[in-house]
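upload23.csv follows (CSV, C-alpha atoms):
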chain,number,residue,atom,x,y,z
A,1,MET,CA,2.9,1.6,44.6
A,2,GLU,CA,4.0,-2.0,45.2
A,3,ARG,CA,1.7,-2.3,48.2
A,4,LEU,CA,-1.2,-1.1,46.2
A,5,GLN,CA,-0.4,-3.4,43.3
A,6,ARG,CA,-0.2,-6.4,45.7
A,7,LYS,CA,-3.6,-5.4,47.1
A,8,TYR,CA,-5.1,-4.8,43.7
A,9,PRO,CA,-3.1,-7.1,41.4
A,10,LEU,CA,-3.1,-6.2,37.8
A,11,VAL,CA,-3.9,-8.8,35.2
A,12,GLY,CA,-2.2,-8.1,31.8
A,13,ASP,CA,-0.1,-5.2,30.8
A,14,ASP,CA,0.4,-2.0,32.8
A,15,ARG,CA,-1.3,0.4,30.5
A,16,ILE,CA,0.0,3.6,32.1
A,17,GLY,CA,3.5,2.2,31.9
A,18,GLN,CA,3.0,1.7,28.2
A,19,ILE,CA,1.7,5.2,27.7
A,20,TYR,CA,4.6,6.7,29.6
A,21,ALA,CA,7.1,4.7,27.6
A,22,ILE,CA,5.7,6.2,24.4
A,23,THR,CA,5.5,9.7,25.8
A,24,ALA,CA,8.8,9.8,27.7
A,25,LYS,CA,10.9,10.8,24.7
A,26,SER,CA,9.0,14.1,24.4
A,27,LEU,CA,9.1,14.9,28.1
A,28,PRO,CA,11.7,17.2,29.8
A,29,ALA,CA,14.9,15.4,30.8
A,30,GLU,CA,14.5,16.7,34.3
A,31,LEU,CA,11.2,14.8,34.6
A,32,THR,CA,12.2,11.6,33.0
A,33,ARG,CA,15.3,11.5,35.2
A,34,LEU,CA,13.1,11.6,38.3
A,35,VAL,CA,11.1,8.6,36.9
A,36,ASP,CA,14.3,6.7,36.1
A,37,GLN,CA,15.5,7.3,39.6
A,38,HIS,CA,12.2,6.1,41.0
A,39,ALA,CA,11.6,9.5,42.7
A,40,ILE,CA,8.4,9.4,40.6
A,41,VAL,CA,6.7,6.0,40.0
A,42,LEU,CA,3.7,5.2,37.9
A,43,GLY,CA,1.4,2.2,37.9
A,44,THR,CA,-2.0,0.8,37.3
A,45,ILE,CA,-4.0,-1.1,39.9
A,46,SER,CA,-7.0,-3.4,39.3
A,47,LYS,CA,-9.9,-1.4,40.6
A,48,THR,CA,-13.2,-0.9,38.8
A,49,ARG,CA,-13.9,2.7,39.9
A,50,PRO,CA,-12.4,5.2,37.4
A,51,ASP,CA,-9.7,7.2,39.1
A,52,ALA,CA,-6.2,8.7,38.7
A,53,TYR,CA,-4.3,10.5,41.4
A,54,THR,CA,-0.9,11.3,42.8
A,55,VAL,CA,0.3,10.5,46.3
A,56,HIS,CA,3.2,12.5,47.6
A,57,LEU,CA,5.5,10.6,49.9
A,58,ARG,CA,8.8,11.4,51.7
A,59,GLU,CA,10.8,9.6,49.0
A,60,GLY,CA,8.9,11.0,46.1
A,61,SER,CA,5.5,10.7,44.3
A,62,ALA,CA,3.4,7.8,43.2
A,63,ILE,CA,1.0,8.2,40.3
A,64,VAL,CA,-1.9,5.7,40.4
A,65,PHE,CA,-4.3,4.8,37.6
A,66,THR,CA,-7.1,2.3,38.0
A,67,THR,CA,-8.1,-0.2,35.4
A,68,GLY,CA,-11.6,1.3,35.7
A,69,MET,CA,-10.3,4.6,34.4
A,70,MET,CA,-8.8,3.0,31.3
A,71,ASP,CA,-11.9,0.9,30.7
A,72,PHE,CA,-14.2,3.8,31.1
A,73,ILE,CA,-12.3,6.2,28.8
A,74,TYR,CA,-12.2,3.5,26.1
A,75,ALA,CA,-15.9,2.8,26.5
A,76,VAL,CA,-16.8,6.5,26.1
A,77,THR,CA,-14.5,7.1,23.1
A,78,ARG,CA,-15.7,3.9,21.5
A,79,SER,CA,-19.3,5.1,21.7
A,80,ILE,CA,-18.4,8.6,20.6
A,81,THR,CA,-17.1,7.1,17.3
A,82,GLY,CA,-20.8,6.7,16.4
A,83,MET,CA,-20.3,10.2,15.2
A,84,PHE,CA,-17.7,9.0,12.7
A,85,VAL,CA,-19.4,5.9,11.3
A,86,GLY,CA,-19.3,6.4,7.5
A,87,HIS,CA,-17.5,9.7,7.7
A,88,GLY,CA,-13.9,10.8,7.3
A,89,ASN,CA,-11.7,12.0,10.1
A,90,ALA,CA,-12.3,15.7,9.5
A,91,GLY,CA,-16.0,15.3,9.3
A,92,ILE,CA,-16.6,15.3,13.0
A,93,GLU,CA,-16.6,19.1,13.0
A,94,TYR,CA,-19.9,19.1,11.1
A,95,GLN,CA,-21.6,15.9,12.2
A,96,LYS,CA,-23.0,17.2,15.5
A,97,ALA,CA,-24.8,19.9,13.5
A,98,ILE,CA,-26.9,17.4,11.6
A,99,GLY,CA,-28.2,15.6,14.7
A,100,LEU,CA,-26.8,12.5,16.4
A,101,GLY,CA,-29.0,12.2,19.4
A,102,ASP,CA,-28.6,8.5,19.5
A,103,VAL,CA,-24.9,8.9,20.1
A,104,ALA,CA,-25.7,11.0,23.2
A,105,ASP,CA,-28.0,8.2,24.4
A,106,LEU,CA,-25.2,5.6,24.0
A,107,VAL,CA,-22.7,7.7,25.8
A,108,ALA,CA,-25.1,8.6,28.6
A,109,GLY,CA,-25.9,4.9,29.0
A,110,ILE,CA,-22.2,4.2,29.9
A,111,PHE,CA,-22.3,6.9,32.6
A,112,THR,CA,-25.6,5.8,34.1
A,113,GLN,CA,-24.3,2.3,34.5
A,114,TRP,CA,-22.6,3.7,37.6
A,115,MET,CA,-25.9,4.5,39.2
A,116,ASN,CA,-26.6,0.7,39.1
A,117,GLN,CA,-23.0,-0.4,39.7
A,118,ARG,CA,-23.7,-3.4,41.9
A,119,ARG,CA,-26.0,-4.9,39.3
A,120,TRP,CA,-23.4,-5.1,36.5
A,121,TYR,CA,-20.3,-5.4,38.6
A,122,HIS,CA,-21.1,-8.8,40.1
A,123,ARG,CA,-22.1,-10.0,36.6
A,124,SER,CA,-19.2,-8.9,34.4
A,125,LYS,CA,-16.9,-6.7,36.6
A,126,GLN,CA,-16.3,-4.4,33.6
A,127,ILE,CA,-18.2,-1.5,32.2
A,128,ASN,CA,-20.3,-2.4,29.2
A,129,TYR,CA,-20.4,-0.3,26.0
A,130,PRO,CA,-22.1,-0.5,22.6
A,131,ARG,CA,-20.1,-2.7,20.2
A,132,PHE,CA,-21.5,-1.5,16.9
A,133,ARG,CA,-19.4,-2.2,13.8
A,134,LEU,CA,-16.8,0.5,13.0
A,135,SER,CA,-14.9,1.3,9.9
A,136,GLU,CA,-11.1,0.9,10.2
A,137,GLU,CA,-10.8,4.7,10.2
A,138,ALA,CA,-13.4,5.1,12.9
A,139,GLN,CA,-11.7,2.5,15.0
A,140,GLN,CA,-8.5,4.3,14.7
A,141,ILE,CA,-10.2,7.5,15.8
A,142,ALA,CA,-11.5,5.8,18.9
A,143,GLU,CA,-8.1,4.5,19.8
A,144,THR,CA,-6.5,7.9,19.2
A,145,LEU,CA,-9.0,9.7,21.4
A,146,ALA,CA,-8.5,7.1,24.2
A,147,LYS,CA,-4.7,7.1,24.0
A,148,ASN,CA,-4.6,10.9,24.0
A,149,ALA,CA,-7.1,11.2,26.8
A,150,GLU,CA,-5.1,8.7,29.0
A,151,ALA,CA,-1.8,10.6,28.1
A,152,PHE,CA,-3.3,13.9,29.1
A,153,ILE,CA,-4.4,12.5,32.5
A,154,MET,CA,-0.9,11.0,33.0
A,155,CYS,CA,0.8,14.3,32.1
A,156,HIS,CA,-1.5,16.2,34.5
A,157,GLU,CA,-0.4,13.8,37.3
A,158,LEU,CA,3.2,14.0,36.3
A,159,ALA,CA,2.9,17.8,36.6
A,160,HIS,CA,1.6,17.3,40.2
A,161,ALA,CA,4.7,15.2,40.9
A,162,MET,CA,7.0,17.7,39.4
A,163,ASN,CA,5.4,20.6,41.2
A,164,ALA,CA,5.8,18.8,44.5
A,165,HIS,CA,9.4,17.9,43.7
A,166,LYS,CA,10.2,21.6,43.1
A,167,GLY,CA,8.3,22.7,46.2
A,168,GLY,CA,5.9,24.8,44.1
A,169,ASP,CA,2.2,25.5,44.6
A,170,ASP,CA,0.7,22.1,43.6
A,171,THR,CA,-2.8,23.1,42.7
A,172,GLU,CA,-5.0,21.5,40.1
A,173,GLU,CA,-4.8,24.7,38.0
A,174,ASN,CA,-1.0,24.6,38.1
A,175,ALA,CA,-1.0,20.9,37.3
A,176,ASP,CA,-3.2,21.6,34.3
A,177,ALA,CA,-1.0,24.4,33.0
A,178,LEU,CA,2.2,22.3,33.3
A,179,GLY,CA,0.5,19.1,32.2
A,180,LEU,CA,-0.8,20.8,29.1
A,181,LYS,CA,2.8,21.6,28.0
A,182,TYR,CA,3.9,18.1,28.6
A,183,PHE,CA,1.0,16.6,26.8
A,184,MET,CA,1.0,18.9,23.7
A,185,SER,CA,4.8,18.3,23.2
A,186,ALA,CA,4.2,14.6,23.1
A,187,ALA,CA,0.8,14.3,21.4
A,188,VAL,CA,1.1,16.7,18.5
A,189,ILE,CA,2.4,15.0,15.4
A,190,ASN,CA,3.0,16.7,12.1
A,191,ASN,CA,1.5,19.9,13.4
A,192,GLN,CA,-1.9,18.2,13.8
A,193,HIS,CA,-3.4,19.8,17.0
A,194,ARG,CA,-7.1,19.1,16.7
A,195,MET,CA,-7.4,15.5,18.0
A,196,PRO,CA,-5.0,16.1,21.0
A,197,VAL,CA,-6.9,19.2,22.0
A,198,ALA,CA,-10.2,17.4,21.6
A,199,SER,CA,-9.0,14.5,23.7
A,200,MET,CA,-7.8,16.8,26.4
A,201,MET,CA,-11.1,18.8,26.6
A,202,LEU,CA,-13.0,15.5,26.5
A,203,VAL,CA,-11.2,14.4,29.7
A,204,VAL,CA,-12.5,17.4,31.5
A,205,ARG,CA,-16.1,16.6,30.5
A,206,ILE,CA,-15.8,12.9,31.3
A,207,PHE,CA,-14.6,13.6,34.9
A,208,ALA,CA,-17.4,16.2,35.4
A,209,SER,CA,-20.0,13.7,34.2
A,210,LEU,CA,-18.6,10.9,36.3
A,211,GLU,CA,-19.0,13.1,39.4
A,212,ARG,CA,-22.6,13.8,38.4
A,213,VAL,CA,-23.5,10.1,38.5
A,214,GLY,CA,-21.8,9.7,41.9
A,215,VAL,CA,-18.3,8.5,41.1
A,216,HIS,CA,-15.9,10.1,43.6
A,217,ILE,CA,-12.8,11.4,41.9
A,218,SER,CA,-9.8,11.8,44.2
A,219,SER,CA,-8.8,15.2,42.8
A,220,ASP,CA,-10.7,18.4,43.4
A,221,TYR,CA,-10.8,19.8,39.9
A,222,LEU,CA,-12.1,23.2,38.8
A,223,GLN,CA,-15.6,23.3,37.4
A,224,SER,CA,-15.5,22.0,33.8
A,225,ALA,CA,-16.3,25.3,32.1
A,226,GLU,CA,-13.6,27.1,34.0
A,227,ARG,CA,-11.1,24.3,33.5
A,228,THR,CA,-11.8,24.2,29.8
A,229,GLU,CA,-11.3,27.9,29.4
A,230,LYS,CA,-8.0,27.9,31.3
A,231,LEU,CA,-6.7,25.0,29.2
A,232,ARG,CA,-7.8,26.9,26.0
A,233,ARG,CA,-5.9,30.0,27.1
A,234,GLY,CA,-2.9,27.8,27.9
A,235,LEU,CA,-2.7,26.8,24.2
A,236,ARG,CA,-1.4,30.3,23.5
A,237,GLU,CA,2.0,29.2,24.9
A,238,LEU,CA,2.5,26.7,22.1
A,239,PRO,CA,3.0,29.5,20.6
A,240,ALA,CA,-0.2,29.9,18.6
A,241,SER,CA,-2.4,32.8,17.4
A,242,GLU,CA,-6.0,33.2,18.6
A,243,LEU,CA,-7.2,32.0,15.2
A,244,ASP,CA,-4.8,29.0,15.4
A,245,ILE,CA,-6.4,28.1,18.7
A,246,ASP,CA,-9.9,28.6,17.3
A,247,GLU,CA,-9.2,26.1,14.5
A,248,MET,CA,-7.6,23.7,17.0
A,249,MET,CA,-10.9,23.7,19.0
A,250,THR,CA,-13.3,22.6,16.2
A,251,ILE,CA,-13.4,18.9,17.2
A,252,ALA,CA,-13.3,19.7,20.9
A,253,VAL,CA,-16.3,22.0,20.7
A,254,SER,CA,-18.2,19.4,18.7
A,255,LEU,CA,-17.5,16.9,21.5
A,256,GLN,CA,-18.4,19.4,24.2
A,257,GLU,CA,-21.8,19.9,22.6
A,258,LEU,CA,-22.3,16.1,22.5
A,259,MET,CA,-21.4,16.0,26.2
A,260,ASP,CA,-24.0,18.7,26.9
A,261,ASP,CA,-26.6,16.4,25.4
A,262,VAL,CA,-25.2,13.5,27.4
A,263,ASP,CA,-25.6,15.4,30.6
A,264,ASP,CA,-29.2,16.3,29.7
A,265,VAL,CA,-29.9,12.6,29.1
A,266,ILE,CA,-28.3,11.7,32.4
A,267,ALA,CA,-30.4,14.3,34.2
A,268,GLY,CA,-33.5,13.1,32.5
A,269,VAL,CA,-34.4,16.5,31.1
A,270,ALA,CA,-35.1,17.7,27.5
A,271,ARG,CA,-32.0,18.4,25.5
A,272,GLY,CA,-31.5,22.1,25.5
A,273,ASN,CA,-29.3,24.5,23.5
A,274,HIS,CA,-26.3,25.1,25.7
A,275,GLN,CA,-24.1,26.8,23.1
A,276,ASP,CA,-22.4,29.9,24.2
A,277,ASP,CA,-21.2,32.5,21.7
A,278,TYR,CA,-17.8,31.0,21.3
A,279,GLN,CA,-19.2,27.5,20.6
A,280,CYS,CA,-21.6,29.1,18.0
A,281,TYR,CA,-18.6,30.8,16.4
A,282,ILE,CA,-16.6,27.6,16.2
A,283,GLY,CA,-19.6,25.8,14.8
A,284,LEU,CA,-19.8,28.3,11.9
A,285,LEU,CA,-16.0,28.3,11.5
A,286,SER,CA,-16.1,24.5,11.2
A,287,ARG,CA,-18.9,24.6,8.6
A,288,LEU,CA,-17.1,27.2,6.6
A,289,GLU,CA,-14.0,25.2,6.5
A,290,GLU,CA,-16.0,22.1,5.4
A,291,VAL,CA,-17.4,24.2,2.5
A,292,VAL,CA,-13.9,25.1,1.4
A,293,ARG,CA,-12.7,21.5,1.7
A,294,GLY,CA,-15.7,20.4,-0.4
A,295,ARG,CA,-17.2,18.2,2.4
A,296,ILE,CA,-20.5,20.1,2.7
A,297,THR,CA,-22.4,22.3,0.2
A,298,GLU,CA,-23.0,26.0,0.5
A,299,GLU,CA,-26.7,25.1,1.0
A,300,GLU,CA,-25.8,23.0,4.1
A,301,PHE,CA,-23.8,25.9,5.4
A,302,VAL,CA,-26.7,28.3,5.0
A,303,ARG,CA,-29.0,25.8,6.8
A,304,GLY,CA,-26.5,25.7,9.7
A,305,VAL,CA,-26.4,29.4,9.9
A,306,ASP,CA,-30.2,29.7,9.9
A,307,GLU,CA,-30.4,27.0,12.6
A,308,ILE,CA,-27.9,28.7,14.9
A,309,GLY,CA,-29.5,32.1,14.2
A,310,ARG,CA,-32.9,30.8,15.3
A,311,ASN,CA,-31.4,29.2,18.4
A,312,ILE,CA,-29.5,32.2,19.7
A,313,GLY,CA,-31.3,35.3,18.3
A,314,ILE,CA,-30.2,38.2,16.2
A,315,ALA,CA,-28.2,40.1,18.9
A,316,ARG,CA,-25.9,37.1,19.7
A,317,MET,CA,-25.7,36.1,16.1
A,318,SER,CA,-24.5,39.6,15.2
A,319,LYS,CA,-21.5,39.1,17.5
A,320,VAL,CA,-20.8,35.6,16.2
A,321,ALA,CA,-21.0,36.7,12.5
A,322,ASN,CA,-18.7,39.7,13.2
A,323,ARG,CA,-16.1,37.5,14.8
A,324,LEU,CA,-16.2,35.1,11.9
A,325,GLY,CA,-15.9,37.9,9.4
A,326,THR,CA,-13.0,39.4,11.3
A,327,SER,CA,-11.2,36.0,11.5
A,328,TYR,CA,-11.5,35.5,7.8
A,329,PRO,CA,-11.3,38.9,6.2
A,330,SER,CA,-11.7,39.7,2.5
A,331,CYS,CA,-8.2,40.4,1.1
A,332,PRO,CA,-6.4,40.1,-2.2
A,333,LEU,CA,-5.2,36.6,-2.8
A,334,THR,CA,-1.5,36.5,-2.1
A,335,GLU,CA,-0.7,32.9,-2.7
A,336,SER,CA,-1.0,30.6,-5.7
A,337,PRO,CA,-2.9,28.5,-5.0
A,338,PRO,CA,-4.8,30.5,-2.4
A,339,SER,CA,-4.4,29.5,1.2
A,340,ARG,CA,-7.3,27.8,3.0
A,341,ARG,CA,-7.9,30.8,5.1
A,342,GLU,CA,-8.0,33.1,2.1
A,343,LEU,CA,-10.5,30.8,0.5
A,344,MET,CA,-12.6,30.8,3.6
A,345,GLY,CA,-12.8,34.6,3.6
A,346,LEU,CA,-13.7,34.6,-0.1
A,347,ARG,CA,-16.4,31.9,0.2
A,348,LEU,CA,-18.0,33.6,3.3
A,349,ARG,CA,-18.7,36.7,1.3
A,350,GLU,CA,-19.9,34.7,-1.8
A,351,ILE,CA,-22.4,32.9,0.4
A,352,ASN,CA,-23.9,36.0,1.9
A,353,SER,CA,-26.6,36.5,-0.8
A,354,ARG,CA,-28.0,33.0,0.0
A,355,LEU,CA,-28.4,33.6,3.7
A,356,PRO,CA,-31.9,34.3,5.2
A,357,GLU,CA,-32.8,37.9,4.8
A,358,ASN,CA,-32.8,38.7,8.5
A,359,LEU,CA,-29.2,37.4,8.8
A,360,ARG,CA,-27.7,38.7,5.6
A,361,SER,CA,-26.8,42.1,7.0
A,362,LEU,CA,-24.9,40.5,9.9
A,363,PHE,CA,-22.4,38.8,7.7
A,364,PRO,CA,-19.8,40.5,5.5
A,365,SER,CA,-20.6,40.9,1.8
structure tokens encoding of this file:
Amino acid sequence: MERLQRKYPLVGDDRIGQIYAITAKSLPAELTRLVDQHAIVLGTISKTRPDAYTVHLREGSAIVFTTGMMDFIYAVTRSITGMFVGHGNAGIEYQKAIGLGDVADLVAGIFTQWMNQRRWYHRSKQINYPRFRLSEEAQQIAETLAKNAEAFIMCHELAHAMNAHKGGDDTEENADALGLKYFMSAAVINNQHRMPVASMMLVVRIFASLERVGVHISSDYLQSAERTEKLRRGLRELPASELDIDEMMTIAVSLQELMDDVDDVIAGVARGNHQDDYQCYIGLLSRLEEVVRGRITEEEFVRGVDEIGRNIGIARMSKVANRLGTSYPSCPLTESPPSRRELMGLRLREINSRLPENLRSLFPS
């Protein structure tokens, strides 16, 4: 690590060291002891190319981050907050549904800069990103997404180091599984899971899109769809029910849909509808929750249902509607005041009569 940092001297604070210092109190003692004993070392080097990797040596493991990785993640998350301008924190679940193509263009522009790296590198030596004005709340969201994304990458690399120390099977899949546990124990505050989960899933898509524009990442990750699904399944060990996980995924799915648009822009093709049944289900779940919280009207929910129905067809919509109705069943109100989930089940059935006629029979009444 010292040799790398001499070759690529860092100007300013060691960001990964700062993140580790914040995260360490939530990490297993066995792991932090290895860091304290310098059997695992972490550091940032001044290289423009986004990368993060672990080198296993005879005396231990070295985790290396480049400044380019930190800069790139912040540039992407800063641009994504265009989704939040003028909206509250929880509003992201619904914003993608009302169309924010310009945000996809902004984010795609950051990735495509790497296709012309020499042009901007010699001018500024730093990735450029839109600097539109943000509300204080939106700025906080950008910083939270970036910090969590960096923390997840670090936890993934720490898992590589721990797996190697124990002589285990140090695959990317195993590092994700262990890194997920490290990350969630550190990132979840006051039982708020959605932003940490969104940041983690966003990392997967950022890495995949970087590779699409020709950035070589040192690690050989799983394909993004498979990696996302395995991480989602890993959330069951929190412990959490399937519905808990579905609700944790609302912001993550919204960002995944944005990144689908980003990839289409990068590829120079018309933006398509890439939603699978699970994403459609989460989209409806998000809208229903927003109705109950008073952030959107029932009419907006109905328009969202109609839009999804036209995009995916009756057969698929039937499966999505059935899953939503099963997740939020009609049952006697047991709490005073009623729980959010009880209200979601109640409102879903109240809205049925307002749905388009061809979709009405698919939803519970």
(message) Just the number, please: distance in Å from CA of Ala146 (chain A) to CA of Glu257 (chain A), one decimal.
(response) 18.5 Å
At a cut-off of 10 Å, using all atoms listed in the file, what residues contact Ala52 (chain A)? Leave out same-chain residues fewer than 4 positions from it and give the result as a JSON list (two decimals) with C-alpha atoms, keeping the file's coordinate frame.
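Writing the result to result_27.json gives the following:
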[["chain", "number", "residue", "atom", "x", "y", "z"],
["A", 44, "THR", "CA", -2.00, 0.80, 37.30],
["A", 63, "ILE", "CA", 1.00, 8.20, 40.30],
["A", 64, "VAL", "CA", -1.90, 5.70, 40.40],
["A", 65, "PHE", "CA", -4.30, 4.80, 37.60],
["A", 66, "THR", "CA", -7.10, 2.30, 38.00],
["A", 67, "THR", "CA", -8.10, -0.20, 35.40],
["A", 68, "GLY", "CA", -11.60, 1.30, 35.70],
["A", 69, "MET", "CA", -10.30, 4.60, 34.40],
["A", 70, "MET", "CA", -8.80, 3.00, 31.30],
["A", 150, "GLU", "CA", -5.10, 8.70, 29.00],
["A", 153, "ILE", "CA", -4.40, 12.50, 32.50],
["A", 154, "MET", "CA", -0.90, 11.00, 33.00],
["A", 156, "HIS", "CA", -1.50, 16.20, 34.50],
["A", 157, "GLU", "CA", -0.40, 13.80, 37.30],
["A", 217, "ILE", "CA", -12.80, 11.40, 41.90],
["A", 218, "SER", "CA", -9.80, 11.80, 44.20],
["A", 219, "SER", "CA", -8.80, 15.20, 42.80]]
(message) Let me make sure I understand: among A:Met344, A:Val302, A:Met195, A:Ile73, which one has the smallest atom-to-atom distance to Thr326 (chain A) if we use only C-alpha atoms?
(response) A:Met344
(message) Under the rule that all atoms listed in the file are counted, which of A:Val262, A:Leu238, A:Val320, A:Leu180 is the nearest residue to Asp276 (chain A)?
(response) A:Val320
(request) To one decimal in Å, tell me the separation between CA of Ser135 (chain A) and CA of Ala187 (chain A). (result) 23.4 Å
(request) Between A:Tyr53, A:Tyr328, A:Tyr278, A:Phe72, single out the one closest to Gln113 (chain A), counting all atoms listed in the file. (result)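 Between A:Tyr53, A:Tyr328, A:Tyr278, A:Phe72, the residue approaching Gln113 (chain A) most closely is A:Phe72.
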(request) To one decimal in Å, tell me the separation between CA of Pro28 (chain A) and CA of Glu242 (chain A). (result) 26.4 Å
(message) So that I can check the surroundings of Ile351 (chain A), please list as a ChimeraX atom specification every protein, DNA and RNA residue that reaches within 12 Å of it, counting only C-alpha atoms and ignoring chain neighbours fewer than 5 positions away.
(response) /A:288,291-292,297-303,305,344-346,356,359-360,363-365
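Of the residues under consideration (A:Cys280, A:Leu27, A:Ile312, A:Leu145), A:Leu145 shows the shortest atom-to-atom contact distance to Thr81 (chain A) when counting all atoms listed in the file.
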(request) Do a neighbour search on Asp260 (chain A) at 12 Å with all atoms listed in the file, toss out local chain neighbours closer than 2 positions, and write the hits as an MDAnalysis selection string. (result) chainID A and resid 96 101 103:105 107:108 202 205:206 208:209 224:225 253:258 262:267 269:276 279
(request) May I ask which of the residues A:Ser46, A:Asn358, A:Arg3, A:Lys147 is the closest one to Arg310 (chain A), counting all atoms listed in the file? (result) A:Asn358
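When all atoms listed in the file are used to measure the gap to Arg347 (chain A), the shortest distance among A:Arg316, A:Arg287, A:Arg323, A:Arg236 belongs to A:Arg287.
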(request) Would you kindly return, as a PyMOL selection string, each protein, DNA or RNA residue with an atom no farther than 9 Å from any atom of region 18-21 of chain A, considering all atoms listed in the file and excluding same-chain residues fewer than 2 positions away? (result) chain A and resi 13-16+23-25+42+147+150-151+154-155
(message) Just want the 10 Å neighbourhood of Asp246 (chain A), counted on all atoms listed in the file, with same-chain residues fewer than 6 positions away dropped. Output as a PyMOL selection string.
(response) chain A and resi 194+232+240+253+278-279+281-282+285-286+327
Same residues, C-alpha atoms, output as an mmCIF file, in the coordinates of the input:
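And here is the file that came out, part_14.cif:
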data_model
loop_
_atom_site.group_PDB
_atom_site.id
_atom_site.type_symbol
_atom_site.label_atom_id
_atom_site.label_comp_id
_atom_site.auth_asym_id
_atom_site.auth_seq_id
_atom_site.Cartn_x
_atom_site.Cartn_y
_atom_site.Cartn_z
ATOM 1 C CA ARG A 194 -7.100 19.100 16.700
ATOM 2 C CA ARG A 232 -7.800 26.900 26.000
ATOM 3 C CA ALA A 240 -0.200 29.900 18.600
ATOM 4 C CA VAL A 253 -16.300 22.000 20.700
ATOM 5 C CA TYR A 278 -17.800 31.000 21.300
ATOM 6 C CA GLN A 279 -19.200 27.500 20.600
ATOM 7 C CA TYR A 281 -18.600 30.800 16.400
ATOM 8 C CA ILE A 282 -16.600 27.600 16.200
ATOM 9 C CA LEU A 285 -16.000 28.300 11.500
ATOM 10 C CA SER A 286 -16.100 24.500 11.200
ATOM 11 C CA SER A 327 -11.200 36.000 11.500
#
